[in-house]
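Raw contents of work.tsv, TSV, C-alpha atoms (C1' of nucleotides):
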chain	number	residue	atom	x	y	z
G	1	MET	CA	8.70	14.02	5.10
G	2	PRO	CA	8.21	13.27	1.46
G	3	GLU	CA	5.35	15.37	0.14
G	4	LEU	CA	4.58	16.43	-3.42
G	5	PRO	CA	7.84	18.38	-4.03
G	6	GLU	CA	10.04	15.61	-2.61
G	7	VAL	CA	8.26	12.87	-4.55
G	8	GLN	CA	8.43	15.04	-7.69
G	9	THR	CA	12.16	15.57	-7.16
G	10	THR	CA	12.63	11.82	-6.92
G	11	VAL	CA	10.52	11.19	-10.01
G	12	ASN	CA	12.35	13.89	-11.97
G	13	GLY	CA	15.54	12.02	-11.20
G	14	LEU	CA	14.08	8.63	-12.10
G	15	LYS	CA	12.83	9.93	-15.45
G	16	LYS	CA	16.40	10.73	-16.44
G	17	VAL	CA	17.89	7.36	-15.62
G	18	LEU	CA	15.37	4.54	-15.60
G	19	PRO	CA	13.59	4.42	-18.98
G	20	GLY	CA	14.97	1.64	-21.16
G	21	LEU	CA	16.64	-0.25	-18.32
G	22	LYS	CA	15.79	-3.90	-17.89
G	23	ILE	CA	15.16	-5.25	-14.41
G	24	LEU	CA	17.43	-8.23	-13.76
G	25	ASP	CA	16.75	-8.92	-10.11
G	26	VAL	CA	15.00	-7.72	-6.97
G	27	TRP	CA	16.30	-8.20	-3.46
G	28	THR	CA	14.78	-7.45	-0.10
G	29	ASP	CA	15.74	-7.88	3.53
G	30	LEU	CA	12.15	-7.57	4.58
G	31	ALA	CA	11.59	-11.21	3.79
G	32	VAL	CA	13.99	-12.40	6.46
G	33	LYS	CA	13.43	-9.79	9.11
G	34	LYS	CA	10.33	-9.52	11.18
G	35	PRO	CA	7.65	-8.44	10.70
G	36	SER	CA	7.83	-9.84	7.26
G	37	LEU	CA	6.78	-8.09	4.12
G	38	ARG	CA	4.00	-5.81	5.19
G	39	HIS	CA	5.79	-3.17	3.22
G	40	PHE	CA	4.85	-4.95	0.08
G	41	ASP	CA	1.21	-4.34	0.80
G	42	ASP	CA	-1.77	-6.65	0.47
G	43	THR	CA	-0.79	-8.48	-2.64
G	44	ILE	CA	2.79	-9.05	-1.61
G	45	LYS	CA	2.57	-9.55	2.10
G	46	ASN	CA	4.75	-12.58	2.55
G	47	LEU	CA	7.73	-14.24	0.98
G	48	ASN	CA	5.60	-16.20	-1.41
G	49	PHE	CA	4.04	-13.02	-2.71
G	50	PHE	CA	7.42	-11.33	-2.87
G	51	ASN	CA	8.51	-14.13	-5.15
G	52	ILE	CA	5.47	-13.46	-7.30
G	53	PHE	CA	6.38	-9.78	-7.38
G	54	LYS	CA	9.89	-10.71	-8.42
G	55	LYS	CA	8.69	-13.00	-11.15
G	56	GLU	CA	6.38	-10.30	-12.50
G	57	VAL	CA	9.00	-7.58	-12.75
G	58	ILE	CA	12.20	-9.44	-13.65
G	59	GLY	CA	12.86	-9.28	-17.36
G	60	SER	CA	10.66	-6.27	-18.03
G	61	LYS	CA	11.95	-2.86	-18.99
G	62	VAL	CA	11.14	0.46	-17.40
G	63	VAL	CA	9.06	2.54	-19.78
G	64	SER	CA	8.50	5.66	-17.73
G	65	ALA	CA	8.24	7.11	-14.24
G	66	GLU	CA	5.58	9.47	-12.95
G	67	ARG	CA	4.06	10.88	-9.80
G	68	ARG	CA	0.49	10.74	-8.59
G	69	ALA	CA	-0.09	12.49	-5.26
G	70	LYS	CA	2.74	11.17	-3.06
G	71	ASN	CA	3.02	7.93	-5.01
G	72	ILE	CA	5.84	7.05	-7.38
G	73	LEU	CA	4.73	5.04	-10.41
G	74	ILE	CA	7.28	3.10	-12.41
G	75	ASN	CA	5.63	1.84	-15.58
G	76	LEU	CA	7.01	-1.39	-17.03
G	77	SER	CA	7.05	-2.83	-20.53
G	78	ASN	CA	4.83	-5.70	-19.42
G	79	GLU	CA	2.14	-3.10	-18.77
G	80	LYS	CA	2.39	-3.43	-15.04
G	81	THR	CA	3.30	-0.60	-12.73
G	82	ILE	CA	5.42	-0.61	-9.61
G	83	LEU	CA	3.83	1.75	-7.10
G	84	ILE	CA	6.02	3.07	-4.32
G	85	HIS	CA	4.85	5.20	-1.41
G	86	LEU	CA	7.69	6.70	0.62
G	87	LYS	CA	5.50	7.49	3.62
G	88	MET	CA	7.57	9.30	6.24
G	89	THR	CA	11.19	8.33	5.94
G	90	GLY	CA	11.49	6.62	2.58
G	91	HIS	CA	13.59	7.65	-0.38
G	92	LEU	CA	14.96	6.03	-3.51
G	93	LEU	CA	18.64	5.92	-4.39
G	94	TYR	CA	20.07	5.21	-7.81
G	95	GLY	CA	23.64	4.16	-8.45
G	96	LYS	CA	26.07	1.38	-7.85
G	97	TYR	CA	25.81	-0.79	-4.78
G	98	LYS	CA	27.80	-3.69	-3.51
G	99	LYS	CA	26.36	-6.62	-1.66
G	100	THR	CA	28.02	-7.65	1.56
G	101	THR	CA	27.41	-11.24	2.49
G	102	ALA	CA	29.52	-12.26	5.43
G	103	MET	CA	30.89	-10.49	8.47
G	104	ALA	CA	32.28	-11.68	11.80
G	105	GLY	CA	31.07	-15.19	11.24
G	106	GLN	CA	27.49	-14.07	10.79
G	107	VAL	CA	25.73	-14.12	7.50
G	108	LYS	CA	25.07	-10.56	6.54
G	109	ASN	CA	23.03	-9.79	3.53
G	110	GLU	CA	23.04	-6.09	2.95
G	111	TRP	CA	23.96	-3.49	0.37
G	112	GLU	CA	26.13	-0.45	0.59
G	113	PRO	CA	26.91	2.24	-1.99
G	114	ALA	CA	29.96	1.64	-4.16
G	115	GLU	CA	32.43	4.51	-4.41
G	116	ASP	CA	30.69	5.84	-7.48
G	117	GLY	CA	27.26	5.10	-6.07
G	118	PRO	CA	24.93	7.47	-4.20
G	119	LEU	CA	26.40	9.48	-1.35
G	120	ASN	CA	27.24	7.47	1.72
G	121	ASP	CA	25.18	9.68	3.98
G	122	PRO	CA	24.13	8.12	7.34
G	123	TYR	CA	20.51	8.56	6.26
G	124	ASN	CA	21.16	6.48	3.15
G	125	ARG	CA	22.04	3.30	4.96
G	126	PHE	CA	18.61	1.81	5.65
G	127	ILE	CA	18.32	-0.21	2.46
G	128	HIS	CA	15.40	-2.64	2.33
G	129	VAL	CA	14.74	-3.28	-1.35
G	130	VAL	CA	17.18	-3.25	-4.27
G	131	PHE	CA	16.34	-3.48	-7.97
G	132	SER	CA	19.24	-4.51	-10.20
G	133	PHE	CA	19.33	-3.22	-13.78
G	134	SER	CA	20.89	-4.26	-17.04
G	135	ASN	CA	23.41	-1.41	-16.93
G	136	GLY	CA	24.96	-2.68	-13.69
G	137	LYS	CA	23.26	-0.04	-11.55
G	138	HIS	CA	20.68	-0.35	-8.82
G	139	LEU	CA	17.64	1.37	-7.46
G	140	ALA	CA	17.56	1.09	-3.67
G	141	PHE	CA	14.58	1.77	-1.45
G	142	CYS	CA	15.89	3.31	1.73
G	143	ASP	CA	13.52	3.72	4.68
G	144	SER	CA	14.62	3.94	8.30
G	145	ARG	CA	11.17	3.52	9.81
G	146	LYS	CA	9.92	1.01	7.30
G	147	PHE	CA	6.56	2.66	6.76
G	148	GLY	CA	6.99	2.79	3.01
G	149	LYS	CA	5.19	0.50	0.63
G	150	VAL	CA	5.99	-1.21	-2.64
G	151	THR	CA	3.11	-2.61	-4.66
G	152	LEU	CA	2.59	-3.95	-8.14
G	153	ILE	CA	-0.43	-2.69	-10.01
G	154	LYS	CA	-1.72	-4.80	-12.85
G	155	GLU	CA	-2.56	-3.63	-16.31
G	156	GLY	CA	-5.74	-1.59	-16.44
G	157	GLU	CA	-6.02	-1.27	-12.67
G	158	LEU	CA	-4.26	2.07	-12.25
G	159	LYS	CA	-7.55	3.92	-12.25
G	160	THR	CA	-9.32	1.51	-9.94
G	161	THR	CA	-6.66	0.51	-7.44
G	162	LYS	CA	-7.52	1.55	-3.91
G	163	HIS	CA	-4.19	3.37	-3.70
G	164	LEU	CA	-5.19	5.88	-6.33
G	165	LYS	CA	-8.89	5.82	-7.03
G	166	ASP	CA	-10.04	8.35	-4.44
G	167	ILE	CA	-7.09	10.75	-4.70
G	168	GLY	CA	-7.99	14.37	-5.35
G	169	PRO	CA	-6.73	16.60	-8.18
G	170	GLU	CA	-3.08	17.55	-8.60
G	171	PRO	CA	-2.54	21.06	-7.21
G	172	LEU	CA	-0.01	22.01	-9.87
G	173	ASP	CA	-2.12	20.95	-12.84
G	174	ARG	CA	-2.68	23.86	-15.20
G	175	ASN	CA	-6.38	23.09	-15.15
G	176	PHE	CA	-6.58	23.24	-11.39
G	177	ASP	CA	-7.71	26.83	-10.94
G	178	LEU	CA	-8.92	28.89	-7.99
G	179	LYS	CA	-12.53	27.92	-8.59
G	180	LYS	CA	-11.78	24.19	-8.51
G	181	PHE	CA	-9.54	24.65	-5.49
G	182	LYS	CA	-12.30	26.42	-3.61
G	183	ASN	CA	-14.89	23.82	-4.59
G	184	ARG	CA	-12.72	20.96	-3.43
G	185	ILE	CA	-11.93	22.55	-0.08
G	186	LYS	CA	-15.55	23.51	0.49
G	187	GLU	CA	-16.56	19.88	0.36
G	188	ARG	CA	-15.51	19.91	4.01
G	189	PRO	CA	-17.21	23.08	5.30
G	190	THR	CA	-16.91	22.15	8.97
G	191	GLY	CA	-13.41	20.74	8.72
G	192	ARG	CA	-10.33	22.56	9.97
G	193	ILE	CA	-8.34	23.93	7.07
G	194	LYS	CA	-5.06	22.23	7.99
G	195	ASN	CA	-6.71	18.80	8.02
G	196	VAL	CA	-8.61	19.46	4.82
G	197	LEU	CA	-5.49	20.60	2.95
G	198	MET	CA	-3.68	17.42	3.99
G	199	ASP	CA	-6.58	15.16	3.02
G	200	GLN	CA	-5.30	13.38	-0.10
G	201	ASN	CA	-8.85	12.82	-1.30
G	202	ILE	CA	-9.48	16.58	-1.41
G	203	ILE	CA	-6.19	17.70	-2.97
G	204	ALA	CA	-3.23	15.45	-3.76
G	205	GLY	CA	0.25	15.75	-2.38
G	206	ILE	CA	0.11	18.29	0.46
G	207	GLY	CA	1.47	17.19	3.84
G	208	ASN	CA	2.51	18.75	7.11
G	209	ILE	CA	5.37	20.95	5.98
G	210	TYR	CA	3.79	22.56	2.95
G	211	SER	CA	0.40	23.03	4.61
G	212	ASP	CA	2.08	24.92	7.47
G	213	GLU	CA	3.98	27.06	5.00
G	214	MET	CA	1.02	27.93	2.78
G	215	LEU	CA	-1.16	28.82	5.76
G	216	TRP	CA	1.60	31.03	7.17
G	217	MET	CA	1.91	32.76	3.82
G	218	SER	CA	-1.80	33.35	3.44
G	219	GLY	CA	-2.40	34.37	7.05
G	220	ILE	CA	-4.85	31.62	7.95
G	221	HIS	CA	-4.98	29.82	11.30
G	222	PRO	CA	-4.51	26.05	10.88
G	223	GLU	CA	-7.66	25.37	12.91
G	224	GLU	CA	-9.82	27.76	10.92
G	225	LYS	CA	-13.10	26.21	9.82
G	226	VAL	CA	-13.37	26.06	6.05
G	227	ARG	CA	-16.76	27.81	6.06
G	228	ASN	CA	-15.19	30.87	7.69
G	229	ILE	CA	-12.62	31.39	4.96
G	230	THR	CA	-13.35	34.39	2.75
G	231	ASP	CA	-12.93	34.52	-1.03
G	232	GLU	CA	-10.00	36.86	-0.55
G	233	LYS	CA	-8.30	34.35	1.74
G	234	PHE	CA	-9.02	31.53	-0.67
G	235	LYS	CA	-7.20	33.47	-3.37
G	236	LYS	CA	-4.20	34.02	-1.09
G	237	MET	CA	-4.14	30.38	-0.03
G	238	PHE	CA	-4.40	29.17	-3.62
G	239	ASP	CA	-1.52	31.39	-4.75
G	240	ALA	CA	0.53	30.38	-1.70
G	241	MET	CA	-0.07	26.70	-2.45
G	242	LYS	CA	1.25	27.00	-5.99
G	243	GLU	CA	4.17	29.14	-4.92
G	244	VAL	CA	5.27	26.98	-2.01
G	245	LEU	CA	5.00	23.69	-3.93
G	246	LYS	CA	6.88	25.08	-6.92
G	247	LYS	CA	9.53	26.50	-4.65
G	248	GLY	CA	9.86	23.12	-2.95
G	249	ILE	CA	10.42	21.43	-6.29
G	250	SER	CA	12.87	24.06	-7.52
G	251	LEU	CA	14.91	23.64	-4.32
G	252	GLY	CA	15.01	19.87	-4.72
G	253	GLY	CA	12.64	19.13	-1.85
G	254	ASP	CA	12.89	19.42	1.91
G	255	SER	CA	15.66	17.60	3.77
G	256	MET	CA	15.05	18.87	7.29
G	257	SER	CA	14.63	15.24	8.15
G	258	ASP	CA	15.96	12.35	6.11
G	259	TYR	CA	14.74	12.99	2.57
G	260	ARG	CA	17.43	12.69	-0.11
G	261	ASN	CA	17.22	12.75	-3.90
G	262	ILE	CA	18.13	9.70	-5.97
G	263	LEU	CA	21.81	10.63	-5.85
G	264	GLY	CA	21.64	10.75	-2.06
G	265	LYS	CA	21.80	14.56	-1.90
G	266	ARG	CA	19.79	16.93	0.25
G	267	GLY	CA	17.21	19.36	-0.98
G	268	GLU	CA	17.16	22.91	0.36
G	269	PHE	CA	13.59	23.83	1.13
G	270	GLN	CA	14.28	23.39	4.85
G	271	LEU	CA	16.38	26.55	4.67
G	272	HIS	CA	13.29	28.52	3.68
G	273	HIS	CA	10.78	27.47	6.32
G	274	ARG	CA	8.74	30.30	7.73
G	275	ALA	CA	6.61	28.29	10.14
G	276	TYR	CA	7.37	24.56	10.11
G	277	GLN	CA	9.66	23.57	12.99
G	278	ARG	CA	10.26	27.20	13.95
G	279	LYS	CA	8.48	27.12	17.29
G	280	GLY	CA	9.67	29.95	19.53
G	281	GLU	CA	11.26	31.93	16.71
G	282	LYS	CA	10.16	35.40	15.75
G	283	CYS	CA	7.72	35.49	12.86
G	284	SER	CA	9.59	36.53	9.72
G	285	LYS	CA	6.68	38.30	8.09
G	286	PRO	CA	7.76	41.94	7.68
G	287	GLY	CA	6.37	44.07	10.48
G	288	CYS	CA	4.84	41.14	12.33
G	289	LYS	CA	5.69	40.87	16.04
G	290	GLY	CA	4.46	37.31	16.50
G	291	VAL	CA	6.39	34.29	17.72
G	292	ILE	CA	5.81	30.97	15.97
G	293	MET	CA	3.95	28.45	18.07
G	294	ARG	CA	3.19	24.78	17.79
G	295	ILE	CA	-0.15	23.13	18.44
G	296	VAL	CA	-1.56	19.73	17.59
G	297	VAL	CA	-4.22	19.63	14.89
G	298	GLY	CA	-5.69	16.31	13.91
G	299	GLY	CA	-2.89	14.47	15.66
G	300	ARG	CA	-0.22	16.35	13.72
G	301	SER	CA	1.91	19.27	14.75
G	302	ALA	CA	0.93	22.59	13.26
G	303	HIS	CA	3.23	25.61	13.35
G	304	PHE	CA	1.86	29.09	12.88
G	305	CYS	CA	2.10	32.72	13.89
G	306	PRO	CA	-0.64	33.63	16.37
G	307	VAL	CA	-0.43	37.29	15.38
G	308	HIS	CA	-0.96	37.26	11.64
G	309	GLN	CA	-2.79	33.90	11.50
G	310	LYS	CA	-5.70	34.62	13.80
G	311	LEU	CA	-8.84	32.55	14.10
G	312	TRP	CA	-11.93	34.12	12.60
G	313	LYS	CA	-14.09	35.67	15.32
G	314	HIS	CA	-17.82	35.13	15.54
O	1	DA	C1'	-18.91	14.52	8.25
O	2	DC	C1'	-15.67	14.82	11.45
O	3	DT	C1'	-12.59	13.81	15.41
O	4	DA	C1'	-9.72	11.38	18.68
O	5	DG	C1'	-6.93	7.74	19.36
O	6	DC	C1'	-4.26	3.91	18.12
O	7	DC	C1'	-1.06	1.47	15.12
O	8	DC	C1'	2.77	0.62	12.05
O	9	DC	C1'	8.39	1.69	13.06
O	10	DT	C1'	12.99	3.11	14.72
O	11	DG	C1'	16.76	6.82	14.87
O	12	DG	C1'	17.82	10.56	17.45
O	13	DG	C1'	17.61	13.65	21.19
O	14	DA	C1'	16.87	14.67	26.10
O	15	DG	C1'	17.36	13.47	30.78
O	16	DC	C1'	19.56	10.97	34.30
Z	1	DT	C1'	29.12	5.79	28.39
Z	2	DG	C1'	24.79	3.89	28.51
Z	3	DC	C1'	20.32	3.43	29.90
Z	4	DT	C1'	15.30	4.77	29.46
Z	5	DC	C1'	11.81	7.59	27.70
Z	6	DC	C1'	9.73	10.26	24.32
Z	7	DC	C1'	9.09	12.24	19.80
Z	8	DA	C1'	8.50	12.51	14.67
Z	9	DG	C1'	4.32	11.74	11.32
Z	10	DG	C1'	1.52	9.57	6.36
Z	11	DG	C1'	-2.08	7.03	6.22
Z	12	DG	C1'	-5.18	3.20	7.51
Z	13	DC	C1'	-8.27	1.85	10.80
Z	14	DT	C1'	-11.92	1.88	14.53
Z	15	DA	C1'	-15.09	3.92	17.74
Z	16	DG	C1'	-17.74	7.71	19.11
Mind turning this structure into structure tokens?
Amino acid sequence: MPELPEVQTTVNGLKKVLPGLKILDVWTDLAVKKPSLRHFDDTIKNLNFFNIFKKEVIGSKVVSAERRAKNILINLSNEKTILIHLKMTGHLLYGKYKKTTAMAGQVKNEWEPAEDGPLNDPYNRFIHVVFSFSNGKHLAFCDSRKFGKVTLIKEGELKTTKHLKDIGPEPLDRNFDLKKFKNRIKERPTGRIKNVLMDQNIIAGIGNIYSDEMLWMSGIHPEEKVRNITDEKFKKMFDAMKEVLKKGISLGGDSMSDYRNILGKRGEFQLHHRAYQRKGEKCSKPGCKGVIMRIVVGGRSAHFCPVHQKLWKH
DNA sequence: ACTAGCCCCTGGGAGC
DNA sequence: TGCTCCCAGGGGCTAG
């Protein structure tokens, strides 16, 4: 599940390869397959709008790439920005692709990695959008469940677009200190901490994996009400948040599921899970005798240790 | 303010 | 081998 560390890993890769490249073409299969181009969001919801998108980006150069929350922003020389949200199963792949057009009498119109392209991993085969660049390489948007979105943001609308305007502060910003963290979280005093941490409008970029991990580390039950959390616990949770997100980035993200970096390679954070997807396993906290369990919180699975992550008692 | 529930979507795993 | 059923979940949405 792409969360902040996975999106950052992708953006770190894009920063190295995209700036200066001119976009020559854009292809999608979403135009010919039902249910059309919902992936291109409001402004680009049908083929006509995809053609507008194409017209807007072809011929411009990539200036820079950045991350905001779980969104990838690719800034273009025409002062527009391509916004990509990977949602659950999306990732971007950079390298050489070849287009296959015909097979067994049927018109096929798909792309596959060339030998020197991104790794031909089974999870890298769901290609739905391909950008072609002036250096002969491609950027492919791969997304098995097709939840991801591609949008074009016009000049001056980055601050006001609905995709970004309500997003909370970046947890790894130097300026984002314990006091600000606490104030943001406490805006939802009756909320359950797991839900509040994953609310993008409170803090940006945290999803199911990293919220489970930071709560495990700080010894807080995922259903704990925010108003019950002590200052001491806030400090632990804040430190755990920074640690776990930085660790995720340094390990190249989490590839327990289908996330891959832009070269098609796995990250390694999944090898360091303490809670997420460890239901039934012994808690790895030294001295703790708990067994990790799974419950549903806010419609999402939450994994935690019932021994060292107890609910506050009244 | 908050929650539950539904929806988008489809590969993969379990069960038969 | 192949069928059916269920699950995963980010985020948008509605209804309560």
Contacts between chain G and chain Z, please, where a residue of chain Z counts if it comes within 12 Å (with all atoms listed in the file); show its shortest atom pair and distance in Å to one decimal, rows by chain and ascending number, as a Markdown table.
| residue | atom | partner | partner_atom | distance |
| --- | --- | --- | --- | --- |
| Z:DC7 | C1' | G:Ser301 | CA | 11.2 |
| Z:DA8 | C1' | G:Met88 | CA | 9.1 |
| Z:DG9 | C1' | G:Met88 | CA | 6.5 |
| Z:DG10 | C1' | G:Lys87 | CA | 5.3 |
| Z:DG11 | C1' | G:Lys87 | CA | 8.0 |
| Z:DG12 | C1' | G:His163 | CA | 11.3 |
Contact table chain G vs chain O, cut-off 9 Å, shortest pair per residue, only C-alpha atoms (C1' of nucleotides), as CSV:
residue,atom,partner,partner_atom,distance
G:Ser144,CA,O:DT10,C1',6.7
G:Arg145,CA,O:DC9,C1',4.7
G:Lys146,CA,O:DC9,C1',6.0
G:Phe147,CA,O:DC9,C1',6.6
G:Arg188,CA,O:DA1,C1',7.7
G:Thr190,CA,O:DC2,C1',7.8
G:Gly191,CA,O:DC2,C1',6.9
G:Gly298,CA,O:DT3,C1',7.5
G:Gly299,CA,O:DA4,C1',8.1
Excluding G:Lys310 and any residue of its chain fewer than 5 positions from it, enumerate the residues within 9 Å of it, using only C-alpha atoms (C1' of nucleotides), and give them as a PyMOL selection string.
chain G and resi 219-221+224+305
To one decimal place, how far is atom CA of G:Asp121 from atom CA of G:Thr10 in Å?
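Value for the atom CA of G:Asp121-atom CA of G:Thr10 distance: 16.8 Å.
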Atom-to-atom span, atom CA of G:Ile127 and atom CA of G:Glu110, Å:
7.6 Å
Can you tell me how far atom CA of G:Cys283 sits from atom CA of G:Trp216, in Å to one decimal?
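Result for atom CA of G:Cys283 versus atom CA of G:Trp216: 9.5 Å, one decimal.
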I'd like the neighbourhood of G:Leu93 as a PyMOL selection string, where a residue qualifies if any of its atoms comes within 8 Å (using all atoms listed in the file), though same-chain residues fewer than 3 positions away should be ignored.
chain G and resi 118+124+138-142+261-264
Please determine an axis-aligned box that encloses all atoms of chain Z listed in the file, with 6 Å added on each side, and express its centre and edge lengths in Å to one decimal as JSON.
{"center_x": 5.7, "center_y": 7.2, "center_z": 18.1, "size_x": 58.9, "size_y": 22.7, "size_z": 35.7}
8 Å contact set for stretch 18-29 of chain G, all atoms listed in the file, chain neighbours under 3 positions out, as a list of chain:residue names:
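Here the answer would be G:Leu14, G:Lys15, G:Val32, G:Lys33, G:Lys54, G:Val57, G:Ile58, G:Gly59, G:Ser60, G:Lys61, G:Val62, G:Val63, G:Ser64, G:Ala65, G:Asn109, G:Glu110, G:His128, G:Val129, G:Val130, G:Phe131, G:Ser132, G:Phe133, G:Ser134, G:Asn135.
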Write out as a ChimeraX atom specification which residues come within 9 Å of G:Lys186 when counting all atoms listed in the file, dropping same-chain ones fewer than 5 positions away.
/G:181,191,226-227
Keeping just N, CA and C atoms (P, O5', C5', C4', C3', O3' and C1' of nucleotides), export chain O of this structure as a compact mmCIF listing (two decimals), in the first residue's frame.
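Everything below was put into selection.txt:
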# COMPACT_ATOMS: atom_id res chain seq x y z
P DA O 1 -16.18 19.87 13.31
O5' DA O 1 -16.36 18.53 14.18
C5' DA O 1 -16.31 18.59 15.59
C4' DA O 1 -16.35 17.18 16.11
C3' DA O 1 -15.35 16.25 15.46
O3' DA O 1 -14.86 15.36 16.46
C1' DA O 1 -17.54 15.45 15.06
P DC O 2 -13.74 14.30 16.07
O5' DC O 2 -14.55 13.00 15.64
C5' DC O 2 -15.32 12.33 16.62
C4' DC O 2 -16.22 11.32 15.96
C3' DC O 2 -15.52 10.28 15.09
O3' DC O 2 -15.37 9.10 15.84
C1' DC O 2 -17.66 10.95 14.25
P DT O 3 -14.76 7.80 15.18
O5' DT O 3 -16.04 7.04 14.62
C5' DT O 3 -17.12 6.74 15.51
C4' DT O 3 -18.18 6.01 14.72
C3' DT O 3 -17.59 4.90 13.86
O3' DT O 3 -18.19 3.67 14.22
C1' DT O 3 -19.03 6.31 12.58
P DA O 4 -17.62 2.33 13.62
O5' DA O 4 -18.80 1.92 12.64
C5' DA O 4 -20.16 2.07 13.05
C4' DA O 4 -21.06 1.84 11.86
C3' DA O 4 -20.65 0.66 10.98
O3' DA O 4 -21.83 -0.06 10.66
C1' DA O 4 -20.74 2.64 9.67
P DG O 5 -21.71 -1.45 9.87
O5' DG O 5 -21.97 -1.01 8.36
C5' DG O 5 -23.12 -0.26 8.03
C4' DG O 5 -23.03 0.17 6.59
C3' DG O 5 -22.43 -0.90 5.66
O3' DG O 5 -23.30 -1.07 4.56
C1' DG O 5 -21.39 1.19 5.31
P DC O 6 -23.14 -2.36 3.63
O5' DC O 6 -22.90 -1.68 2.22
C5' DC O 6 -23.72 -0.59 1.79
C4' DC O 6 -22.97 0.24 0.79
C3' DC O 6 -22.26 -0.57 -0.29
O3' DC O 6 -22.90 -0.34 -1.53
C1' DC O 6 -20.93 1.25 0.50
P DC O 7 -22.55 -1.27 -2.76
O5' DC O 7 -21.45 -0.41 -3.51
C5' DC O 7 -21.76 0.92 -3.96
C4' DC O 7 -20.49 1.58 -4.44
C3' DC O 7 -19.64 0.66 -5.31
O3' DC O 7 -19.83 1.00 -6.67
C1' DC O 7 -18.32 1.92 -3.73
P DC O 8 -19.42 -0.07 -7.78
O5' DC O 8 -17.94 0.43 -8.12
C5' DC O 8 -17.73 1.76 -8.59
C4' DC O 8 -16.27 2.09 -8.46
C3' DC O 8 -15.36 1.00 -9.05
O3' DC O 8 -15.04 1.35 -10.38
C1' DC O 8 -14.53 1.88 -6.96
P DC O 9 -15.13 0.23 -11.49
O5' DC O 9 -13.96 -0.77 -11.07
C5' DC O 9 -12.62 -0.31 -11.14
C4' DC O 9 -11.72 -1.35 -10.54
C3' DC O 9 -11.93 -2.76 -11.09
O3' DC O 9 -11.02 -2.92 -12.15
C1' DC O 9 -11.47 -2.74 -8.73
P DT O 10 -11.16 -4.17 -13.12
O5' DT O 10 -10.25 -5.25 -12.40
C5' DT O 10 -8.89 -4.97 -12.20
C4' DT O 10 -8.32 -6.03 -11.28
C3' DT O 10 -8.56 -7.47 -11.76
O3' DT O 10 -7.39 -8.19 -11.48
C1' DT O 10 -9.26 -7.24 -9.57
P DG O 11 -6.85 -9.26 -12.53
O5' DG O 11 -5.60 -9.82 -11.73
C5' DG O 11 -4.65 -8.90 -11.19
C4' DG O 11 -4.11 -9.45 -9.90
C3' DG O 11 -3.69 -10.92 -9.96
O3' DG O 11 -2.52 -11.06 -9.19
C1' DG O 11 -5.41 -10.65 -8.34
P DG O 12 -1.74 -12.44 -9.15
O5' DG O 12 -2.19 -13.04 -7.76
C5' DG O 12 -1.98 -12.27 -6.58
C4' DG O 12 -2.63 -12.98 -5.41
C3' DG O 12 -2.38 -14.49 -5.37
O3' DG O 12 -2.10 -14.84 -4.03
C1' DG O 12 -4.67 -14.07 -5.26
P DG O 13 -1.24 -16.13 -3.73
O5' DG O 13 -2.06 -16.78 -2.53
C5' DG O 13 -2.52 -15.96 -1.46
C4' DG O 13 -3.81 -16.56 -0.92
C3' DG O 13 -3.78 -18.08 -0.76
O3' DG O 13 -4.05 -18.38 0.59
C1' DG O 13 -5.76 -17.38 -1.87
P DA O 14 -3.97 -19.90 1.11
O5' DA O 14 -5.52 -20.23 1.39
C5' DA O 14 -6.32 -19.32 2.14
C4' DA O 14 -7.76 -19.80 2.10
C3' DA O 14 -7.90 -21.30 2.35
O3' DA O 14 -8.94 -21.52 3.28
C1' DA O 14 -8.93 -20.70 0.28
P DG O 15 -9.18 -23.00 3.85
O5' DG O 15 -10.44 -23.48 3.03
C5' DG O 15 -11.63 -22.67 3.01
C4' DG O 15 -12.61 -23.29 2.04
C3' DG O 15 -12.72 -24.81 2.14
O3' DG O 15 -14.09 -25.16 2.24
C1' DG O 15 -12.33 -24.14 -0.11
P DC O 16 -14.52 -26.70 2.49
O5' DC O 16 -15.01 -27.16 1.05
C5' DC O 16 -16.03 -26.41 0.37
C4' DC O 16 -16.16 -26.90 -1.05
C3' DC O 16 -16.25 -28.43 -1.19
O3' DC O 16 -17.38 -28.77 -1.97
C1' DC O 16 -14.63 -27.55 -2.68
